[in-house]
Amino acid sequence: MGPSASLESDIRRVGTALFEAFPSHRGNPLKALDDRAMDLAAQDAELRAALFRFVDVVPACRSLDDLAAHLTSFLGEIDEQPPSLRAAMRMGDTKAGRAALGAAGAAGVRHMAHRFIVGEDPQAALPVLRRLWRDGIAASVDLLGEATVTAQEADRYAARCAGALETLAGAYAQMDAQPLLERDASGPLPRANLSVKVSALTPLLRPEAPARGQRDAAPRLRALLRQAKELGAHLHIDMESLDSREAVLELVLNLLAEPEFADGPSAGVVLQAYLRDSPQTLDTILASAQQTRRAQPLVVRLVKGAYWDHEVVEARQHGWSVPVFERKADCDANFEALTARLLEARPLLRVAIASHNLRSVAHAIARNELLGGAPGDVEFQVLRGLGDDLGQALAASGLRVRSYCPVGDLVAGMAYLVRRLLENTANESFLADQAQGVPVAQLLAAPEASLS
Ligand SMILES: Cc1cc2nc3c(=O)[nH]c(=O)nc-3n(C[C@H](O)[C@H](O)[C@H](O)COP(=O)(O)OP(=O)(O)OC[C@H]3O[C@@H](n4cnc5c(N)ncnc54)[C@H](O)[C@@H]3O)c2cc1C
């Protein structure tokens, strides 16, 4: 058997074992999560659009009556309504019915949000974080609150991040040892881990003037890096849409190259495999890591990318060439090629594979084995609420897992919630395929082969 045939058979072995290890992969994970709205939305594009618009207005509604009016008006635009929807619409004819409908809508949105958001603030999130740690799962906390339009908002976000670092470092110091989560071949791994967004650290991050945004964000990010170093915490910088990628990456790599950060903190960036030029971005990251040789290797979180629809629409509107792959199989194949390059680049980098796609995850596990890496020498990351079962199954298999845990209030969380809904119900999503009962052999097929 040649190397690629044996890799494929390893992927099938690893993937099938994982598939067997968690119940919702055998059934319909969206149904199993008792989320009727997502299930329905996945089947009907019009309903999906109506529900997204509804989710968007919930925080602005002042009464249940108001909420029900919005709900019935959005749903009223759907041509072919399923019977359950027709019954709901009839409720909107009376005041009592509207109140009941509004309450049900608000409860549904809150229920959905609580699946993804672990607490209103870091303190409130601690019970969930402690439970995860006890189950052998680390976390990265993300403070919700996306659009920063004033300097005061940027200062407030930076202060919330500083508070979160304190709270997390204090709480994790009290937790019991979890050897797999605390050390890999490159040395100790911080327990406390915070993910931050540069767009929330400055109101000036604009594609037409990247240096201005970088200059404005730098002092706030530098202060957080200093604090993370003092507390022995990890700071991860999320990646957003393409129009800020260059500015964010350059800012982070330049700050980390400053002499005061040569021996800490542990820090990380994100590489988005849906971008056609992501292999060149990895070249830039590798060159920087090679040059700076920091004591703690840079963590690279590999994702496919959360802004696919946005990037396609934006490019088409401007008549630009589309920067993301337009065939899902191309994106998946690129994810695997980048996984291989990242794993081979160790110990210069640390690698985190962030995906809920069984094939992408099984490929990384098999590739790591093929390269002789120990199970703990690659991290697997899942999103709270979407990848919980996968995370548990990976942890139970002796792998190193981190759950990305958003913290914040519902209003601030809306943009996040809508992105997760879009991802969950997109036509070309692994979770949607699973939900439709696609057989495991097909779920585990190599990206190109799945097209034929
Ligand atoms: C822990 C964690 C942290 C994350 N942090 C970030 C972050 O900082 N920045 C960020 O952008 N995302 C981030 N993500 C989100 C991540 O990008 C999405 O979860 C991911 O895109 C879904 O991929 P998947 O492998 O789980 O699922 P899959 O179903 O295999 O892939 C879905 C993805 O494929 C891509 N896609 C869909 N249709 C097409 C098509 N027609 N052609 C080409 N590509 C297509 C899109 O990227 C879509 O999201 C994070 C995810 C996790 C788990």
# chains A, B, ... in the order shown; residues from 1 in each chain; ligands from 1

$ closest_atom_pairs --of "stretch 347-402 of chain A" --to "stretch 296-317 of chain A" --cutoff "9 Å" --atoms "only C-alpha atoms" --output "CSV"
residue,atom,partner,partner_atom,distance
A:Pro347,CA,A:Pro297,CA,7.1
A:Leu348,CA,A:Pro297,CA,5.9
A:Leu349,CA,A:Pro297,CA,4.9
A:Arg350,CA,A:Val299,CA,4.4
A:Val351,CA,A:Val300,CA,5.2
A:Ala352,CA,A:Arg301,CA,4.5
A:Ile353,CA,A:Leu302,CA,5.2
A:Ala354,CA,A:Val303,CA,5.3
A:Ser355,CA,A:Val303,CA,6.4
A:Glu379,CA,A:Arg301,CA,8.8
A:Gln381,CA,A:Arg301,CA,8.3

$ write_last_selection --atoms "C-alpha atoms" --output "short mmCIF file (atom, residue, chain, number, x, y, z; two decimals), in the first residue's frame"
data_model
loop_
_atom_site.label_atom_id
_atom_site.label_comp_id
_atom_site.auth_asym_id
_atom_site.auth_seq_id
_atom_site.Cartn_x
_atom_site.Cartn_y
_atom_site.Cartn_z
CA PRO A 347 8.21 22.41 16.81
CA LEU A 348 8.51 25.86 15.19
CA LEU A 349 4.73 26.19 15.64
CA ARG A 350 2.00 24.61 17.74
CA VAL A 351 -1.00 23.38 15.79
CA ALA A 352 -4.70 23.61 16.63
CA ILE A 353 -7.20 22.01 14.24
CA ALA A 354 -10.58 23.74 14.60
CA SER A 355 -13.29 21.84 12.73
CA GLU A 379 -4.82 20.32 19.66
CA GLN A 381 -10.75 22.84 18.92
#

$ residues_around --residues "A:Ala217" --least-positions-apart "5" --cutoff "7 Å" --atoms "only C-alpha atoms" --output "list in words"
Val198, Leu201 and Thr202 of chain A

$ write_last_selection --atoms "N, CA and C atoms" --output "compact mmCIF listing (two decimals), in the first residue's frame"
# COMPACT_ATOMS: atom_id res chain seq x y z
N VAL A 198 -9.19 41.89 17.05
CA VAL A 198 -8.55 43.20 16.87
C VAL A 198 -9.60 44.26 16.50
N LEU A 201 -10.70 46.05 19.33
CA LEU A 201 -9.68 46.82 20.07
C LEU A 201 -9.40 48.17 19.43
N THR A 202 -10.06 48.45 18.33
CA THR A 202 -9.93 49.76 17.69
C THR A 202 -11.14 50.04 16.81

$ closest_atom_pairs --of "chain A" --to "ligand 1" --cutoff "7 Å" --atoms "only C-alpha atoms and all ligand atoms" --output "CSV"
residue,atom,partner,partner_atom_place_in_ligand_line,distance
A:Asp238,CA,ligand 1,8 (O),3.7
A:Met239,CA,ligand 1,8 (O),4.2
A:Glu240,CA,ligand 1,9 (N),5.3
A:Ser241,CA,ligand 1,11 (O),6.8
A:Val270,CA,ligand 1,8 (O),5.6
A:Gln272,CA,ligand 1,11 (O),6.1
A:Tyr274,CA,ligand 1,47 (O),5.4
A:Val303,CA,ligand 1,17 (O),4.5
A:Lys304,CA,ligand 1,21 (O),4.1
A:Gly305,CA,ligand 1,17 (O),3.1
A:Ala306,CA,ligand 1,11 (O),3.9
A:Tyr307,CA,ligand 1,11 (O),5.8
A:Trp308,CA,ligand 1,46 (C),5.2
A:Val324,CA,ligand 1,43 (C),6.5
A:Phe325,CA,ligand 1,43 (C),4.4
A:Glu326,CA,ligand 1,42 (N),3.6
A:Arg327,CA,ligand 1,42 (N),3.7
A:Lys328,CA,ligand 1,42 (N),3.5
A:Ala329,CA,ligand 1,43 (C),6.8
A:Asp330,CA,ligand 1,43 (C),6.3
A:Cys331,CA,ligand 1,44 (N),4.8
A:Asp332,CA,ligand 1,30 (O),6.6
A:Ala354,CA,ligand 1,53 (C),4.2
A:Ser355,CA,ligand 1,26 (O),3.7
A:His356,CA,ligand 1,26 (O),3.6
A:Asn357,CA,ligand 1,25 (O),4.6
A:Ser360,CA,ligand 1,25 (O),6.5
A:Gln381,CA,ligand 1,1 (C),4.4
A:Val382,CA,ligand 1,53 (C),3.9
A:Leu383,CA,ligand 1,53 (C),4.5
A:Ser403,CA,ligand 1,1 (C),6.2
A:Tyr404,CA,ligand 1,1 (C),4.8
A:Glu423,CA,ligand 1,49 (O),5.5
A:Glu428,CA,ligand 1,38 (N),4.9
A:Ser429,CA,ligand 1,29 (O),3.3
A:Phe430,CA,ligand 1,29 (O),3.4
A:Leu431,CA,ligand 1,29 (O),5.8

$ write_last_selection --atoms "C-alpha atoms" --output "compact mmCIF listing (two decimals), in the first residue's frame"
# COMPACT_ATOMS: atom_id res chain seq x y z
CA ASP A 238 -9.09 35.56 16.09
CA MET A 239 -9.27 36.24 12.36
CA GLU A 240 -12.24 38.03 10.86
CA SER A 241 -13.13 38.98 7.28
CA VAL A 270 -5.76 31.93 12.90
CA GLN A 272 -8.41 30.44 7.17
CA TYR A 274 -11.17 28.89 2.55
CA VAL A 303 -10.13 26.91 10.43
CA LYS A 304 -12.04 26.91 7.16
CA GLY A 305 -13.45 30.37 7.80
CA ALA A 306 -16.68 31.82 9.14
CA TYR A 307 -17.28 34.61 6.60
CA TRP A 308 -17.72 32.63 3.37
CA VAL A 324 -12.42 32.15 -1.27
CA PHE A 325 -12.70 28.74 -2.88
CA GLU A 326 -16.11 28.30 -4.45
CA ARG A 327 -16.14 24.49 -4.41
CA LYS A 328 -16.42 23.06 -0.93
CA ALA A 329 -14.16 20.12 -1.88
CA ASP A 330 -11.39 22.57 -2.83
CA CYS A 331 -11.66 24.26 0.55
CA ASP A 332 -11.58 20.88 2.32
CA ALA A 354 -10.58 23.74 14.60
CA SER A 355 -13.29 21.84 12.73
CA HIS A 356 -16.44 19.83 13.34
CA ASN A 357 -15.95 17.89 10.13
CA SER A 360 -10.98 16.94 8.45
CA GLN A 381 -10.75 22.84 18.92
CA VAL A 382 -14.54 22.85 18.83
CA LEU A 383 -17.18 25.53 19.26
CA SER A 403 -13.72 24.30 23.54
CA TYR A 404 -14.18 27.86 22.26
CA GLU A 423 -22.86 27.87 9.18
CA GLU A 428 -22.59 22.73 2.01
CA SER A 429 -21.85 22.00 5.63
CA PHE A 430 -20.64 18.82 7.22
CA LEU A 431 -23.17 19.16 10.04

$ closest_residue --among "A:Gln178, A:Thr281, A:Ser140, A:Gln434" --to "A:His234" --atoms "only C-alpha atoms"
A:Ser140

$ closest_residue --among "A:Gly145, A:Pro259, A:Pro323, A:Gly102" --to "A:Leu275" --atoms "only C-alpha atoms"
A:Pro323

$ select_by_dssp --residues "stretch 279-351 of chain A" --states "alpha helix (DSSP H)" --output "PyMOL selection string"
chain A and resi 279-292+308-318+328-345

$ select_by_dssp --residues "stretch 34-273 of chain A" --states "strand (DSSP E)" --output "ChimeraX atom specification"
/A:137-143,183-184,187-188,193-196,234-237,266-272

$ write_last_selection --atoms "C-alpha atoms" --output "CSV table (one decimal), in the first residue's frame"
chain,number,residue,atom,x,y,z
A,137,ILE,CA,-11.3,19.7,28.0
A,138,ALA,CA,-9.6,23.1,28.0
A,139,ALA,CA,-11.3,26.3,26.9
A,140,SER,CA,-10.7,29.5,25.1
A,141,VAL,CA,-13.0,32.3,26.3
A,142,ASP,CA,-14.3,34.8,23.7
A,143,LEU,CA,-15.8,38.0,24.9
A,183,ARG,CA,2.2,20.0,28.4
A,184,ASP,CA,3.2,19.0,24.9
A,187,GLY,CA,6.8,22.3,27.0
A,188,PRO,CA,4.1,23.7,29.3
A,193,ASN,CA,-6.8,31.0,27.4
A,194,LEU,CA,-8.5,34.1,26.0
A,195,SER,CA,-9.5,34.7,22.3
A,196,VAL,CA,-9.6,38.4,21.3
A,234,HIS,CA,-2.4,32.4,26.5
A,235,LEU,CA,-3.8,35.1,24.2
A,236,HIS,CA,-5.3,34.1,20.9
A,237,ILE,CA,-6.1,36.6,18.1
A,266,SER,CA,2.0,32.1,24.6
A,267,ALA,CA,0.1,33.5,21.7
A,268,GLY,CA,-1.7,32.4,18.6
A,269,VAL,CA,-3.2,33.4,15.2
A,270,VAL,CA,-5.8,31.9,12.9
A,271,LEU,CA,-5.3,30.6,9.4
A,272,GLN,CA,-8.4,30.4,7.2

$ residues_around --residues "A:Glu258" --least-positions-apart "3" --cutoff "12 Å" --atoms "only C-alpha atoms" --output "number ranges by chain"
A: 218, 222, 225-226, 251-255, 261-265, 288, 291-294

$ closest_residue --among "A:Val361, A:Ile117, A:Ala374, A:Leu165" --to "A:Cys405" --atoms "only C-alpha atoms"
A:Ile117

$ residues_around --residues "A:Glu153" --least-positions-apart "6" --cutoff "12 Å" --atoms "only C-alpha atoms" --output "MDAnalysis selection string"
chainID A and resid 145:147 159:160 199:204 220

$ atom_distance --atom1 "atom CA of A:Asp10" --atom2 "atom CA of A:Arg276"
27.6 Å

$ residues_around --residues "A:Pro127" --least-positions-apart "4" --cutoff "12 Å" --atoms "only C-alpha atoms" --output "compact mmCIF listing (two decimals) with C-alpha atoms, in the first residue's frame"
# COMPACT_ATOMS: atom_id res chain seq x y z
CA VAL A 118 -21.63 30.02 28.37
CA GLY A 119 -22.36 32.97 30.65
CA ASP A 121 -19.48 37.39 32.06
CA PRO A 122 -16.32 35.36 32.81
CA GLN A 123 -17.32 34.84 36.45
CA ARG A 131 -16.91 21.13 34.29
CA LEU A 132 -15.12 21.08 30.94
CA TRP A 133 -11.71 20.96 32.62
CA ARG A 134 -12.87 18.09 34.84
CA LEU A 168 -9.49 32.94 34.28
CA ALA A 171 -9.87 30.18 38.60
CA TYR A 172 -7.71 27.80 36.57
CA MET A 175 -8.27 23.41 39.29
